[in-house]
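Novice: model_22.cif (mmCIF, C-alpha atoms) pasted underneath:
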data_my_file
#
loop_
_atom_site.label_atom_id
_atom_site.label_comp_id
_atom_site.auth_asym_id
_atom_site.auth_seq_id
_atom_site.Cartn_x
_atom_site.Cartn_y
_atom_site.Cartn_z
CA MET J 1 -27.08 -26.94 -44.25
CA PRO J 2 -24.86 -24.88 -41.91
CA TYR J 3 -26.07 -24.12 -38.42
CA VAL J 4 -26.06 -20.56 -37.12
CA MET J 5 -25.74 -20.01 -33.36
CA VAL J 6 -27.89 -17.17 -32.13
CA GLN J 7 -27.46 -16.00 -28.51
CA ILE J 8 -30.72 -14.77 -27.05
CA PRO J 9 -30.32 -12.31 -24.19
CA LYS J 10 -31.59 -13.69 -20.94
CA THR J 11 -34.45 -11.88 -19.27
CA PRO J 12 -33.72 -11.18 -15.62
CA ALA J 13 -35.78 -13.24 -13.23
CA PRO J 14 -38.65 -11.44 -11.50
CA GLY J 15 -37.37 -9.27 -8.68
CA VAL J 16 -33.76 -9.32 -9.95
CA PRO J 17 -32.61 -5.92 -11.25
CA ALA J 18 -31.10 -5.76 -14.73
CA PRO J 19 -27.30 -5.34 -14.72
CA ARG J 20 -26.25 -1.71 -14.98
CA SER J 21 -23.53 -0.56 -17.31
CA VAL J 22 -20.43 0.94 -15.72
CA PRO J 23 -20.70 4.76 -15.77
CA THR J 24 -18.03 6.56 -17.75
CA SER J 25 -16.53 10.03 -17.68
CA ALA J 26 -18.64 10.81 -20.77
CA ASP J 27 -21.77 10.09 -18.70
CA VAL J 28 -20.52 12.45 -15.98
CA ALA J 29 -19.76 15.12 -18.59
CA ARG J 30 -23.29 14.89 -20.08
CA LEU J 31 -24.99 15.07 -16.69
CA ALA J 32 -22.81 17.99 -15.52
CA GLY J 33 -23.05 19.80 -18.86
CA VAL J 34 -19.27 20.05 -19.33
CA SER J 35 -16.59 18.48 -21.54
CA ARG J 36 -14.86 15.19 -20.74
CA ALA J 37 -11.62 17.14 -20.40
CA THR J 38 -13.18 19.25 -17.65
CA VAL J 39 -14.33 16.09 -15.87
CA SER J 40 -10.77 14.75 -16.05
CA TYR J 41 -9.28 18.01 -14.74
CA VAL J 42 -11.70 18.12 -11.81
CA LEU J 43 -11.60 14.48 -10.74
CA ASN J 44 -7.83 14.22 -11.16
CA ASN J 45 -7.41 17.42 -9.11
CA THR J 46 -5.30 19.01 -11.86
CA SER J 47 -3.87 22.33 -10.68
CA ALA J 48 -2.53 23.41 -14.10
CA VAL J 49 -6.05 24.28 -15.34
CA ARG J 50 -8.30 26.73 -13.50
CA ILE J 51 -11.85 25.44 -13.03
CA SER J 52 -14.51 27.52 -11.29
CA GLU J 53 -15.83 26.27 -7.96
CA PRO J 54 -19.44 25.91 -9.22
CA THR J 55 -18.22 23.75 -12.12
CA ARG J 56 -16.13 21.60 -9.78
CA ARG J 57 -19.14 21.15 -7.53
CA ARG J 58 -21.36 20.20 -10.50
CA VAL J 59 -18.86 17.58 -11.72
CA HIS J 60 -18.47 16.02 -8.26
CA GLU J 61 -22.24 15.91 -7.77
CA ALA J 62 -22.73 14.25 -11.17
CA ALA J 63 -20.01 11.68 -10.45
CA LYS J 64 -21.58 10.91 -7.08
CA GLU J 65 -25.07 10.57 -8.55
CA LEU J 66 -23.87 8.16 -11.25
CA GLY J 67 -21.54 6.24 -8.97
CA TYR J 68 -18.60 7.06 -11.21
CA VAL J 69 -15.10 6.29 -9.90
CA PRO J 70 -11.96 7.19 -11.91
CA HIS J 71 -9.97 4.19 -13.13
CA ALA J 72 -6.66 4.26 -11.23
CA ALA J 73 -4.80 2.04 -13.70
CA ALA J 74 -5.91 4.12 -16.69
CA ARG J 75 -4.91 7.30 -14.90
CA SER J 76 -1.49 5.79 -14.13
CA LEU J 77 -0.99 4.92 -17.80
CA ARG J 78 -1.79 8.50 -18.83
CA ALA J 79 0.51 9.97 -16.19
CA GLY J 80 3.32 7.47 -16.74
CA HIS J 81 3.30 6.49 -13.06
CA SER J 82 0.87 5.54 -10.32
CA ARG J 83 -0.35 7.73 -7.45
CA LEU J 84 0.17 4.92 -4.96
CA VAL J 85 2.30 5.60 -1.88
CA LEU J 86 3.22 2.38 -0.09
CA MET J 87 4.03 2.02 3.60
CA PRO J 88 5.11 -1.37 4.97
CA ALA J 89 2.73 -2.33 7.78
CA PRO J 90 4.50 -2.19 11.15
CA THR J 91 5.68 -5.56 12.46
CA ILE J 92 5.89 -4.19 16.00
CA PRO J 93 3.23 -2.80 18.35
CA VAL J 94 2.50 0.84 17.52
CA GLY J 95 1.02 3.32 19.91
CA GLN J 96 -1.28 6.31 19.80
CA LEU J 97 1.49 8.74 18.83
CA TYR J 98 2.44 6.79 15.68
CA GLY J 99 -1.24 6.27 14.81
CA GLN J 100 -1.86 10.02 14.90
CA PHE J 101 1.17 10.61 12.69
CA ILE J 102 -0.03 8.05 10.11
CA ASN J 103 -3.53 9.56 10.05
CA GLU J 104 -2.13 13.05 9.46
CA LEU J 105 0.20 11.75 6.74
CA GLN J 106 -2.61 9.91 4.92
CA TRP J 107 -4.82 12.99 5.05
CA ALA J 108 -2.04 15.25 3.72
CA LEU J 109 -1.17 12.84 0.88
CA SER J 110 -4.83 12.46 -0.09
CA ARG J 111 -5.04 16.26 -0.40
CA LEU J 112 -2.21 15.95 -2.94
CA ASP J 113 -4.14 13.22 -4.81
CA TYR J 114 -2.09 10.25 -3.58
CA THR J 115 -3.41 7.01 -2.12
CA VAL J 116 -1.60 5.47 0.85
CA VAL J 117 -1.55 1.68 1.09
CA GLN J 118 -0.07 -0.30 3.97
CA HIS J 119 1.65 -3.48 2.79
CA GLY J 120 1.64 -6.52 5.07
CA SER J 121 5.17 -7.83 4.54
CA VAL J 122 5.46 -9.95 7.69
CA GLY J 123 8.42 -12.33 7.44
CA LEU J 124 10.10 -10.33 4.65
CA HIS J 125 13.15 -8.20 5.33
CA GLY J 126 15.55 -5.94 3.48
CA ASP J 127 15.89 -6.49 -0.26
CA GLU J 128 13.37 -9.35 -0.22
CA ALA J 129 10.74 -7.01 1.23
CA ALA J 130 11.65 -4.34 -1.33
CA ARG J 131 10.94 -6.77 -4.19
CA ALA J 132 7.51 -7.52 -2.71
CA TRP J 133 6.74 -3.80 -2.45
CA ALA J 134 7.97 -3.21 -5.99
CA GLU J 135 5.38 -5.64 -7.40
CA LEU J 136 2.66 -3.04 -6.68
CA ARG J 137 4.54 -0.40 -8.71
CA PRO J 138 4.19 2.40 -6.13
CA VAL J 139 5.26 5.90 -7.06
CA ALA J 140 6.73 6.33 -3.55
CA VAL J 141 7.64 4.11 -0.60
CA LEU J 142 7.90 5.27 3.02
CA VAL J 143 9.96 2.83 5.10
CA PRO J 144 9.84 3.17 8.91
CA GLY J 145 12.67 1.71 10.97
CA ALA J 146 15.87 0.07 9.78
CA GLY J 147 16.49 -2.82 7.39
CA LEU J 148 16.25 -1.36 3.88
CA GLY J 149 19.62 -1.09 2.12
CA PRO J 150 20.93 0.54 -1.09
CA LYS J 151 20.11 -2.57 -3.14
CA GLY J 152 16.50 -2.45 -1.98
CA VAL J 153 16.28 1.23 -2.88
CA ALA J 154 17.63 0.43 -6.36
CA VAL J 155 15.05 -2.35 -6.82
CA LEU J 156 12.22 0.04 -5.94
CA LYS J 157 13.49 2.75 -8.27
CA ARG J 158 13.90 0.32 -11.18
CA SER J 159 10.27 -0.70 -10.69
CA GLY J 160 9.13 2.91 -11.07
CA ALA J 161 9.26 4.35 -7.55
CA ARG J 162 10.19 8.01 -7.88
CA ALA J 163 10.70 8.52 -4.17
CA VAL J 164 11.97 6.28 -1.36
CA VAL J 165 11.86 7.84 2.10
CA THR J 166 13.26 6.17 5.22
CA LEU J 167 12.30 7.04 8.79
CA GLY J 168 15.05 5.72 11.04
CA PRO J 169 18.36 6.31 12.78
CA GLU J 170 20.58 6.30 9.65
CA THR J 171 20.59 7.42 6.04
CA VAL J 172 20.38 4.89 3.19
CA GLU J 173 22.14 5.56 -0.11
CA GLY J 174 19.70 6.77 -2.76
CA ALA J 175 16.81 7.45 -0.36
CA HIS J 176 15.49 10.57 1.29
CA ALA J 177 15.93 10.30 5.05
CA LEU J 178 14.07 11.49 8.11
CA LEU J 179 16.54 10.82 10.91
CA MET J 180 14.83 9.89 14.17
CA ASP J 181 17.30 10.23 17.06
CA HIS J 182 15.99 7.90 19.79
CA GLU J 183 19.26 8.25 21.67
CA ALA J 184 18.21 11.82 22.46
CA VAL J 185 15.05 10.47 24.14
CA GLY J 186 17.11 8.39 26.56
CA HIS J 187 19.56 11.23 27.08
CA ARG J 188 16.78 13.61 28.17
CA ALA J 189 15.32 11.02 30.54
CA GLY J 190 18.71 10.18 32.07
CA ARG J 191 19.64 13.83 32.65
CA HIS J 192 16.25 14.52 34.22
CA LEU J 193 16.59 11.66 36.73
CA TYR J 194 20.17 12.66 37.57
CA GLU J 195 19.18 16.28 38.13
CA ARG J 196 16.41 15.07 40.46
CA GLY J 197 19.12 13.51 42.64
CA ARG J 198 18.82 9.90 41.43
CA ARG J 199 22.02 7.88 41.14
CA ARG J 200 21.05 4.20 40.68
CA ILE J 201 19.02 4.24 37.48
CA GLY J 202 17.35 1.34 35.72
CA VAL J 203 16.37 1.35 32.04
CA VAL J 204 13.60 -0.91 30.76
CA VAL J 205 14.53 -2.77 27.57
CA PRO J 206 11.38 -4.35 26.04
CA GLU J 207 11.66 -8.03 25.15
CA GLU J 208 9.17 -7.72 22.27
CA ALA J 209 10.84 -8.47 18.92
CA GLY J 210 11.41 -5.49 16.65
CA LEU J 211 11.66 -2.82 19.34
CA GLU J 212 15.47 -3.01 19.54
CA ALA J 213 15.79 -0.27 16.91
CA PHE J 214 14.21 2.10 19.43
CA SER J 215 15.03 0.65 22.85
CA LEU J 216 18.77 0.15 22.41
CA PRO J 217 19.44 3.74 21.26
CA ARG J 218 17.36 4.96 24.22
CA LEU J 219 19.47 2.84 26.58
CA SER J 220 22.62 4.23 24.95
CA GLY J 221 21.25 7.74 25.44
CA VAL J 222 20.84 7.21 29.18
CA ARG J 223 24.38 5.81 29.41
CA ALA J 224 25.74 8.79 27.49
CA ALA J 225 23.89 11.25 29.74
CA LEU J 226 25.37 9.68 32.88
CA ARG J 227 28.88 9.04 31.60
CA ASP J 228 31.58 10.52 33.87
CA THR J 229 29.11 10.94 36.74
CA ASP J 230 28.66 9.03 39.99
CA ALA J 231 25.47 7.37 38.68
CA THR J 232 25.07 3.74 37.59
CA VAL J 233 22.84 2.33 34.83
CA THR J 234 21.16 -1.10 34.96
CA ASP J 235 19.30 -2.50 31.96
CA LEU J 236 16.03 -4.25 32.84
CA PRO J 237 14.58 -6.66 30.22
CA LEU J 238 10.78 -6.63 30.47
CA ALA J 239 7.98 -8.23 28.46
CA TYR J 240 4.73 -6.28 28.12
CA THR J 241 2.62 -8.48 30.40
CA GLU J 242 1.26 -8.05 33.91
CA GLU J 243 3.04 -11.22 34.98
CA ALA J 244 6.43 -9.96 33.78
CA GLY J 245 5.85 -6.62 35.51
CA ALA J 246 4.97 -8.39 38.78
CA ARG J 247 8.09 -10.59 38.59
CA LEU J 248 10.35 -7.58 38.09
CA ALA J 249 8.67 -5.62 40.87
CA ALA J 250 9.06 -8.56 43.28
CA ARG J 251 12.86 -8.38 42.83
CA TRP J 252 13.05 -4.59 42.74
CA ARG J 253 14.78 -4.04 46.06
CA GLU J 254 17.47 -6.58 45.06
CA PHE J 255 18.59 -4.17 42.33
CA GLY J 256 18.91 -1.25 44.76
CA LEU J 257 17.55 1.20 42.18
CA ASP J 258 16.17 4.64 43.02
CA ALA J 259 14.88 5.53 39.53
CA VAL J 260 13.84 3.97 36.23
CA PHE J 261 13.40 5.15 32.65
CA ALA J 262 10.75 2.72 31.45
CA TYR J 263 11.27 3.03 27.65
CA ASN J 264 7.84 4.60 27.03
CA ASP J 265 4.62 5.50 28.84
CA GLU J 266 2.99 2.11 28.27
CA TYR J 267 5.84 0.19 29.90
CA ALA J 268 6.08 2.90 32.58
CA MET J 269 2.41 2.46 33.49
CA LEU J 270 2.80 -1.33 33.54
CA LEU J 271 5.81 -1.12 35.84
CA THR J 272 4.35 1.64 38.03
CA ARG J 273 1.29 -0.46 38.78
CA ALA J 274 3.46 -3.48 39.62
CA LEU J 275 5.78 -1.44 41.88
CA LEU J 276 2.85 0.11 43.76
CA ASP J 277 1.30 -3.32 44.22
CA GLU J 278 4.63 -4.45 45.71
CA GLY J 279 4.49 -1.59 48.23
CA ILE J 280 7.26 0.48 46.61
CA ASP J 281 6.63 4.21 46.99
CA ILE J 282 6.75 6.36 43.86
CA PRO J 283 8.59 8.70 43.71
CA GLY J 284 9.89 8.39 47.29
CA GLU J 285 11.67 5.07 46.88
CA THR J 286 11.81 4.95 43.05
CA ALA J 287 11.28 7.72 40.50
CA VAL J 288 9.67 6.71 37.20
CA ILE J 289 9.73 8.43 33.80
CA GLY J 290 8.31 7.22 30.46
CA ALA J 291 8.13 8.68 26.95
CA ASP J 292 5.41 9.70 24.45
CA ASP J 293 3.27 11.86 26.81
CA LEU J 294 0.12 9.75 26.48
CA MET J 295 -3.10 10.99 28.04
CA LEU J 296 -3.34 7.87 30.22
CA GLY J 297 -0.06 8.82 31.88
CA ARG J 298 -1.65 12.05 33.09
CA LEU J 299 -4.58 10.11 34.56
CA LEU J 300 -2.28 7.74 36.47
CA ARG J 301 -1.62 8.43 40.17
CA PRO J 302 1.02 9.58 40.74
CA ARG J 303 0.94 11.42 37.39
CA LEU J 304 3.61 10.08 35.09
CA SER J 305 6.68 12.12 34.14
CA THR J 306 7.51 11.63 30.49
CA VAL J 307 9.62 12.64 27.50
CA ARG J 308 7.32 14.35 25.02
CA LEU J 309 8.14 13.47 21.41
CA GLU J 310 7.41 15.62 18.38
CA LEU J 311 7.19 13.37 15.34
CA PRO J 312 7.68 14.84 11.86
CA SER J 313 4.67 16.72 10.51
CA GLY J 314 2.55 14.53 8.25
CA ARG J 315 2.01 17.55 6.01
CA ASP J 316 5.77 18.22 5.71
CA LEU J 317 6.45 14.57 4.86
CA ALA J 318 3.66 14.57 2.26
CA GLU J 319 5.20 17.65 0.63
CA LEU J 320 8.62 15.94 0.62
CA VAL J 321 7.07 12.94 -1.16
CA ASP J 322 5.36 15.20 -3.69
CA ARG J 323 8.59 17.12 -4.40
CA ALA J 324 10.48 13.87 -4.95
CA VAL J 325 7.77 12.46 -7.26
CA ARG J 326 7.80 15.65 -9.34
CA ASP J 327 11.62 15.72 -9.52
CA PRO J 328 12.95 12.16 -9.11
CA ALA J 329 16.45 13.19 -10.24
CA ALA J 330 16.90 15.64 -7.35
CA ALA J 331 19.51 14.82 -4.70
CA PRO J 332 18.10 12.98 -1.67
CA GLU J 333 17.10 15.21 1.23
CA THR J 334 18.03 14.53 4.85
CA HIS J 335 16.07 16.01 7.76
CA LYS J 336 16.60 15.51 11.49
CA VAL J 337 13.27 15.03 13.23
CA LEU J 338 11.90 13.75 16.57
CA GLU J 339 12.22 16.61 19.07
CA ALA J 340 12.33 15.41 22.69
CA THR J 341 11.49 17.45 25.81
CA VAL J 342 10.95 16.33 29.41
CA VAL J 343 7.57 16.89 31.07
CA HIS J 344 8.10 16.70 34.84
CA ARG J 345 5.18 15.38 36.88
CA GLU J 346 4.64 13.61 40.22
CA SER J 347 6.29 10.25 39.45
CA SER J 348 9.80 11.71 39.39
#
Here is a file; write its structure as structure tokens.

Specialist:
Amino acid sequence: MPYVMVQIPKTPAPGVPAPRSVPTSADVARLAGVSRATVSYVLNNTSAVRISEPTRRRVHEAAKELGYVPHAAARSLRAGHSRLVLMPAPTIPVGQLYGQFINELQWALSRLDYTVVQHGSVGLHGDEAARAWAELRPVAVLVPGAGLGPKGVAVLKRSGARAVVTLGPETVEGAHALLMDHEAVGHRAGRHLYERGRRRIGVVVPEEAGLEAFSLPRLSGVRAALRDTDATVTDLPLAYTEEAGARLAARWREFGLDAVFAYNDEYAMLLTRALLDEGIDIPGETAVIGADDLMLGRLLRPRLSTVRLELPSGRDLAELVDRAVRDPAAAPETHKVLEATVVHRESS
């Protein structure tokens, strides 16, 4: 006699809630009193179909009440591509200015129905990093700094990326480019110190790995600003520690410097404190200027002179990404960004 296996549903133990089924768009449509198509249009933020504001509100309220969340993978299959914008996580210390830029960019992309994900690719570089990013099948990749080459761009595009945007000093074949001219930052600082009567100018070069892409162009900018003048330029390697600042300050008078461009405001504040502790008058004996125009620099005494930077608008970059996603065959765009202006205060 054959045996028949019958599975008897288990009754939840006392006090344990029964498992709830996953809410669907059909559930949202029933609760909101609309069609499933309308739910899709509203929750996918489709601009091609006009939906009244009361209906949109009703759909969002129903989705919230049911705990419904659209399925990203299913939406990607319908659209033929994802809505994922990938940014490699910075491998170098980032400051307040960059943080504000990233927040604005994420907000602007979310308004266009994209999701920004930062990818931790520590230890990966160039084409190897591009292959790791490609595994997530992003629709766009925003690459800060240098390192990505044409082969990496091709890898990303073959994996489905419709837009690759680089933020750095040079263009990369096949990618949209936001050119960030850090040499201009050093040039502004060097000219400012020279015009203030300084002739023996030091330039802080951070020892932290990864900052060379910014620090070396800034050093070159100072040299370019003072070329064919009677001024001299001395590069000053400096780690971002109190101990390193104190060691440099202790030898300061050996260098015979009367001014310093300290790479940015954070290094400028570190060095200023060390110089003051060493009894070196600022700006009488040594003028100091940083970059980034951080609030803390205004609270320092003497108030810190700085080079104010204007990073690209997060909204403009989001619109560039959206244009490229909509028209991946369009020729890559190149935009020069990073405006630099000197803010003169007490330290110089």

Novice: I'd like the contact shell of range 286-288 of chain J - 6 Å cut-off, all atoms listed in the file, skipping same-chain residues fewer than 6 positions apart - returned as a ChimeraX atom specification.

Specialist: /J:258-260,347-348

Novice: Residues within 9 Å of range 308-314 of chain J, please, as a ChimeraX atom specification. Count all atoms listed in the file; anything in the same chain fewer than 2 positions from it doesn't count.

Specialist: /J:97-98,101-109,178,180,185,291-294,306,316-319,336-343

Novice: Provide the CA of Tyr114 in chain J to CA of Arg36 in chain J distance in Å, to one decimal place.

Specialist: 22.0 Å

Novice: Skip Ala331 in chain J itself and residues of its chain fewer than 2 positions away, then list as a list in words all residues within 10 Å of it, counting all atoms listed in the file.

Specialist: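 Residues near the query, excluding close chain neighbours: Gly174, Ala175, His176, Ala324, Asp327, Pro328, Ala329, Glu333 and Thr334 of chain J.
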
Novice: From the list J:Leu179, J:Ala249, J:Leu304, J:Arg58, which residue is nearest Gly279 in chain J when using all atoms listed in the file?

Specialist: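 With all atoms listed in the file as the atom set, the closest residue is J:Ala249.
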
Novice: Please provide the set of residues having any atom within 12 Å of Arg198 in chain J, restricted to only C-alpha atoms, with same-chain residues fewer than 4 positions apart removed, written as JSON, numbers by chain.

Specialist: {"J": [189, 190, 191, 192, 193, 194, 202, 226, 229, 230, 231, 232, 233, 256, 257, 258, 259, 260, 261, 283, 284, 285, 286, 287, 288, 289, 348]}

Novice: Please measure the separation of CA of Arg298 in chain J and CA of Ile201 in chain J, giving the value in Å to one decimal.

Specialist: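 Those two atoms sit 22.5 Å apart.
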
Novice: Identify all residues satisfying the PyMOL selection byres ((chain J and resi 207) around 10) in the given file; provide them as an NGL selection string.

Specialist: :J and (204-206 or 208-212 or 215 or 236-240)

Novice: If you apply the PyMOL selection byres ((chain J and resi 154) around 12) to this file, what residues do you get, as a list of chain:residue names?

Specialist: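 Given this file, the PyMOL selection byres ((chain J and resi 154) around 12) evaluates to J:Gly126, J:Asp127, J:Ala130, J:Arg131, J:Ala134, J:Leu148, J:Gly149, J:Pro150, J:Lys151, J:Gly152, J:Val153, J:Val155, J:Leu156, J:Lys157, J:Arg158, J:Ser159, J:Gly160, J:Ala161, J:Arg162, J:Ala163, J:Val164, J:Val172, J:Glu173, J:Gly174, J:Ala175.
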
Novice: Residues within 9 Å of Arg303 in chain J, please, as JSON, numbers by chain. Count only C-alpha atoms; anything in the same chain fewer than 2 positions from it doesn't count.

Specialist: {"J": [297, 298, 299, 300, 301, 305, 345, 346, 347]}

Novice: For the residues in that selection, give me C-alpha atoms as a short mmCIF file (atom, residue, chain, number, x, y, z; two decimals), in the coordinates of the input.

Specialist:
data_model
loop_
_atom_site.label_atom_id
_atom_site.label_comp_id
_atom_site.auth_asym_id
_atom_site.auth_seq_id
_atom_site.Cartn_x
_atom_site.Cartn_y
_atom_site.Cartn_z
CA GLY J 297 -0.06 8.82 31.88
CA ARG J 298 -1.65 12.05 33.09
CA LEU J 299 -4.58 10.11 34.56
CA LEU J 300 -2.28 7.74 36.47
CA ARG J 301 -1.62 8.43 40.17
CA SER J 305 6.68 12.12 34.14
CA ARG J 345 5.18 15.38 36.88
CA GLU J 346 4.64 13.61 40.22
CA SER J 347 6.29 10.25 39.45
#
